Amino acid sequence: MSEPKDLVAVMDSDVRKTPRRIAFITKRTSPQVRVRDEDRVMTYPEVFFRAAVAIQVLAIALVVTSLLWDAPLEGLADPMHTPNPAKAPWYFLGLQELLHYFPPVVAGVLIPGLVVMALIIIPYFNINVEAEGLWLRDKAKRLRIFGIVVVVFCIFLAVFDVWVALVPTLIVAAFMLLAARTDPQTAKGFRQWLVRKPLSFWIMTWFLVELFVLTAIGTFFRGPGWSWVLPWRA
Amino acid sequence: MANTVDQLLEQVRENRIWRSIFRSGTGDSNLHKSLFVQQNVFLHLFSIKARKRTLEFSATWYLGAMTLGTFLILVITGILLMLYYHPSVPQAYADMKDLQFVVSSGVFLRNLHRWSAHAMVFLVFAHMFKVFYRGAYRPPREFNWVVGVVLLLVTLLLSYTGYLLPWDQLAYWAVTVGSNIASAVPVMGSKIRFLMLGGTAVNANALLRFYVLHCVILPLAAILFIAIHFWRIRKDGGIYAGEPAPEVESK
Ligand code: HEM
């Protein structure tokens, strides 16, 4: 087996199962033609059928929900009477929670802007494409950088009193340290799984945890004047 | 009984008029199954075959498919709701009351649209994280990830613009809170907010703008980008299946 030069011809010989195909592949192959002899199924009906089942299950769940619970409808809009608290839709409550700590330019423009930018560039950054465990190489150096970043970031959050974002950060950082203290040769189960996780995994997981915690707090734990309330007391 | 039904269906499918519309014809061969997909302008966004591994539930949790499902439900229920809705103040709110008390199944229709909208926002996030954690954003799928980010934003905007339409207190103040954020943009903040609302506060103009965005512009954008998204899945080599594919055998 030699490295394909410029042109390679591959012929699918299973004529009875599949229509005869001849593919001419230049050196920069697309991933689809690189695959040989993987089990394949026909999109129609197999894939469509499964997708239809998934959509059906979802539709039934939504219909049942709609029969059991009514969508909210309050009184006619009245610009003279501000409800307290006035809340955005739930998926923006994480942002509204941040508005409580930071000036609007930061919480309403800078942070969401950075999040969208970060999401877009994810696949273009090599650290995200690499799949190697974070602590498997250059451990000492990486631990130092990690320590500095976490401490600086936590001080920043503490200065602005953003405890709701600081606690999740510390929890994720604790798991990262646990991974760092795990020996990849001997560890088993969960810790073996942890130690294989690349940096991109940690960043995204931190983002997911923050998103979840901030949204939940904005939705359930905020009352009049954005004060702290317990949902079962409201 | 089942046999006669089958025969009848077969006859319909062999009919000249039917065949002039659907060229794939009848039959169970892989050729026919291929033509079924390939000869249909909508289905031909998809590849003819798929790797078996990618169909396992654990691969995608079918989150993308379910996101599409919520979108379809929203389009159907949305069109029905449009039949009863006027984007004007205060008629919009009265229409909500009519849906509640006058229109048959009006409450159900509105509930289904509302809960499906929440479900879509949730599912689109879930789908994104699932794609990320299985590493399916990596090249050559990087551009489809970007298309996905656009779809995420379109979904959020769809939901946000729809939130205002009932014109109740909840709608009015949620949108007011959101639009105030727009005015925090440096330099052009108040201009952006003015453009968005068609005025300096949430009023009848804002309702009309949100209505047009919600019922025309954003759904069209969503359909366009979903089409690109699906077509790119095919062009990027099908759904990501995990480990790198085996090398080509030369000769
Ligand atoms: C209206 C919204 C969306 C719809 C209807 C949709 C639909 C789908 C479907 C049906 C698939 C097939 C595989 C699967 O189910 O995972 C898919 C794959 C994919 N989606 Fe989405 N998606 C949407 C939004 C997003 C978002 C927000 C992202 C990420 C930011 C994204 C990124 C991707 C990528 C990269 C793939 C390819 C994965 C692979 O090849 O395995 N999509 N999408």
# chains A, B, ... in the order shown; residues from 1 in each chain; ligands from 1
$ interface_residues --of "chain A" --to "chain B" --cutoff "6 Å" --atoms "only C-alpha atoms" --output "number ranges by chain"
A: 31-32, 34-35, 39-44, 51, 55, 66, 70-71, 74-77, 86-88, 104-105, 108, 120, 123, 129
$ write_last_selection --atoms "N, CA, C and O atoms" --output "tab-separated table (two decimals), in the first residue's frame"
chain	number	residue	atom	x	y	z
A	31	PRO	N	-13.56	13.33	2.56
A	31	PRO	CA	-13.64	12.22	3.48
A	31	PRO	C	-14.63	11.15	3.04
A	31	PRO	O	-14.50	10.00	3.39
A	32	GLN	N	-15.61	11.55	2.23
A	32	GLN	CA	-16.62	10.57	1.88
A	32	GLN	C	-16.04	9.45	1.04
A	32	GLN	O	-16.35	8.29	1.27
A	34	ARG	N	-13.05	8.51	1.00
A	34	ARG	CA	-11.96	7.81	1.65
A	34	ARG	C	-12.47	6.53	2.32
A	34	ARG	O	-11.72	5.61	2.55
A	35	VAL	N	-13.71	6.54	2.67
A	35	VAL	CA	-14.25	5.41	3.42
A	35	VAL	C	-14.55	4.25	2.49
A	35	VAL	O	-15.18	4.43	1.46
A	39	ASP	N	-20.44	-0.30	6.77
A	39	ASP	CA	-21.83	-0.68	6.61
A	39	ASP	C	-22.65	0.56	6.29
A	39	ASP	O	-22.63	1.52	7.04
A	40	ARG	N	-23.35	0.50	5.17
A	40	ARG	CA	-24.18	1.64	4.78
A	40	ARG	C	-25.61	1.19	4.59
A	40	ARG	O	-25.86	0.04	4.27
A	41	VAL	N	-26.51	2.13	4.81
A	41	VAL	CA	-27.93	1.83	4.56
A	41	VAL	C	-28.48	2.89	3.63
A	41	VAL	O	-27.92	3.97	3.50
A	42	MET	N	-29.59	2.56	2.98
A	42	MET	CA	-30.22	3.52	2.08
A	42	MET	C	-30.90	4.62	2.90
A	42	MET	O	-31.57	4.34	3.89
A	43	THR	N	-30.71	5.86	2.47
A	43	THR	CA	-31.35	6.97	3.17
A	43	THR	C	-32.87	6.80	3.16
A	43	THR	O	-33.53	6.98	4.18
A	44	TYR	N	-33.39	6.45	1.96
A	44	TYR	CA	-34.80	6.07	1.89
A	44	TYR	C	-34.85	4.57	1.80
A	44	TYR	O	-34.22	4.01	0.93
A	51	ALA	N	-35.76	9.25	11.42
A	51	ALA	CA	-36.00	10.67	11.71
A	51	ALA	C	-37.48	10.91	11.96
A	51	ALA	O	-37.85	11.65	12.88
A	55	ILE	N	-39.25	12.51	15.26
A	55	ILE	CA	-40.12	13.68	15.20
A	55	ILE	C	-41.51	13.35	15.75
A	55	ILE	O	-42.13	14.17	16.44
A	66	SER	N	-49.31	20.36	25.52
A	66	SER	CA	-50.25	21.43	25.17
A	66	SER	C	-51.65	21.16	25.67
A	66	SER	O	-52.42	22.09	25.91
A	70	ASP	N	-51.57	25.28	29.85
A	70	ASP	CA	-51.88	26.41	28.97
A	70	ASP	C	-50.73	27.41	28.93
A	70	ASP	O	-50.06	27.64	29.95
A	71	ALA	N	-50.53	27.99	27.76
A	71	ALA	CA	-49.53	29.04	27.62
A	71	ALA	C	-49.99	30.24	28.43
A	71	ALA	O	-51.18	30.52	28.51
A	74	GLU	N	-51.16	37.19	30.20
A	74	GLU	CA	-51.47	38.14	31.27
A	74	GLU	C	-52.38	39.23	30.74
A	74	GLU	O	-52.92	39.11	29.64
A	75	GLY	N	-52.54	40.28	31.54
A	75	GLY	CA	-53.42	41.37	31.11
A	75	GLY	C	-52.86	42.12	29.91
A	75	GLY	O	-51.70	41.96	29.53
A	76	LEU	N	-53.72	42.96	29.32
A	76	LEU	CA	-53.31	43.77	28.18
A	76	LEU	C	-52.05	44.59	28.50
A	76	LEU	O	-51.90	45.09	29.61
A	77	ALA	N	-51.16	44.70	27.52
A	77	ALA	CA	-49.92	45.45	27.72
A	77	ALA	C	-50.22	46.86	28.20
A	77	ALA	O	-51.08	47.53	27.64
A	86	ALA	N	-39.48	42.67	35.86
A	86	ALA	CA	-39.77	42.50	34.44
A	86	ALA	C	-38.71	41.57	33.87
A	86	ALA	O	-37.53	41.91	33.87
A	87	LYS	N	-39.13	40.41	33.42
A	87	LYS	CA	-38.15	39.43	32.98
A	87	LYS	C	-38.20	39.21	31.48
A	87	LYS	O	-39.27	39.18	30.88
A	88	ALA	N	-37.01	39.02	30.89
A	88	ALA	CA	-36.91	38.65	29.48
A	88	ALA	C	-37.31	37.18	29.34
A	88	ALA	O	-37.51	36.49	30.35
A	104	PRO	N	-24.46	47.76	31.32
A	104	PRO	CA	-25.12	47.19	30.13
A	104	PRO	C	-24.19	46.94	28.95
A	104	PRO	O	-24.37	45.96	28.24
A	105	VAL	N	-23.20	47.82	28.75
A	105	VAL	CA	-22.31	47.59	27.60
A	105	VAL	C	-21.60	46.26	27.75
A	105	VAL	O	-21.37	45.55	26.77
A	108	GLY	N	-24.62	43.30	28.17
A	108	GLY	CA	-25.59	43.19	27.09
A	108	GLY	C	-24.98	43.18	25.71
A	108	GLY	O	-25.61	42.73	24.76
A	120	ILE	N	-18.29	30.93	16.82
A	120	ILE	CA	-17.99	30.86	15.39
A	120	ILE	C	-16.57	30.35	15.15
A	120	ILE	O	-16.35	29.52	14.28
A	123	PRO	N	-14.25	25.94	15.44
A	123	PRO	CA	-13.64	24.92	14.58
A	123	PRO	C	-12.40	25.41	13.84
A	123	PRO	O	-11.75	24.61	13.18
A	129	VAL	N	-9.34	21.58	17.73
A	129	VAL	CA	-9.33	20.45	16.81
A	129	VAL	C	-8.49	19.32	17.40
A	129	VAL	O	-8.75	18.15	17.19
$ residues_around --residues "Val216 of chain B" --least-positions-apart "5" --cutoff "12 Å" --atoms "only C-alpha atoms" --output "ChimeraX atom specification"
/B:75,78-79,82,158,161-162,208-211,221-223
$ select_by_dssp --residues "segment 8-218 of chain B" --states "helix (DSSP H, G or I)" --output "PyMOL selection string"
chain B and resi 8-14+16-21+30-38+43-45+52-55+57-60+63-82+91-101+106-133+142-164+169-182+189-197+204-218
$ atom_distance --atom1 "atom CA of Glu210 of chain A" --atom2 "atom CA of Val106 of chain A"
16.5 Å
$ select_by_dssp --residues "segment 19-224 of chain A" --states "strand (DSSP E or B)" --output "ChimeraX atom specification"
/A:21-26,40-42,76,222
$ write_last_selection --atoms "N, CA, C and O atoms" --output "short mmCIF file (atom, residue, chain, number, x, y, z; two decimals), in the first residue's frame"
data_model
loop_
_atom_site.label_atom_id
_atom_site.label_comp_id
_atom_site.auth_asym_id
_atom_site.auth_seq_id
_atom_site.Cartn_x
_atom_site.Cartn_y
_atom_site.Cartn_z
N ARG A 21 -20.08 1.81 -9.32
CA ARG A 21 -19.54 3.16 -9.19
C ARG A 21 -18.07 3.15 -9.51
O ARG A 21 -17.35 2.27 -9.08
N ILE A 22 -17.65 4.11 -10.23
CA ILE A 22 -16.21 4.29 -10.41
C ILE A 22 -15.89 5.69 -9.94
O ILE A 22 -16.50 6.65 -10.38
N ALA A 23 -14.95 5.77 -9.01
CA ALA A 23 -14.63 7.09 -8.47
C ALA A 23 -13.20 7.45 -8.83
O ALA A 23 -12.30 6.64 -8.66
N PHE A 24 -13.01 8.64 -9.33
CA PHE A 24 -11.67 9.15 -9.55
C PHE A 24 -11.34 10.11 -8.44
O PHE A 24 -12.05 11.08 -8.22
N ILE A 25 -10.27 9.78 -7.74
CA ILE A 25 -9.99 10.55 -6.53
C ILE A 25 -8.66 11.25 -6.69
O ILE A 25 -7.63 10.61 -6.89
N THR A 26 -8.69 12.56 -6.58
CA THR A 26 -7.42 13.28 -6.62
C THR A 26 -6.79 13.19 -5.25
O THR A 26 -7.39 12.70 -4.30
N ARG A 40 -23.35 0.50 5.17
CA ARG A 40 -24.18 1.64 4.78
C ARG A 40 -25.61 1.19 4.59
O ARG A 40 -25.86 0.04 4.27
N VAL A 41 -26.51 2.13 4.81
CA VAL A 41 -27.93 1.83 4.56
C VAL A 41 -28.48 2.89 3.63
O VAL A 41 -27.92 3.97 3.50
N MET A 42 -29.59 2.56 2.98
CA MET A 42 -30.22 3.52 2.08
C MET A 42 -30.90 4.62 2.90
O MET A 42 -31.57 4.34 3.89
N LEU A 76 -53.72 42.96 29.32
CA LEU A 76 -53.31 43.77 28.18
C LEU A 76 -52.05 44.59 28.50
O LEU A 76 -51.90 45.09 29.61
N ARG A 222 -35.06 34.75 41.17
CA ARG A 222 -35.05 36.22 41.19
C ARG A 222 -36.46 36.77 41.30
O ARG A 222 -37.34 36.40 40.52
#
$ atom_distance --atom1 "atom 20 (N, counted along the ligand's line) of ligand 1" --atom2 "atom CA of Val64 of chain A"
27.6 Å
$ closest_residue --among "A:Ala165, A:Leu177, A:Leu98, A:Ile127" --to "Arg144 of chain A" --atoms "only C-alpha atoms"
A:Leu177
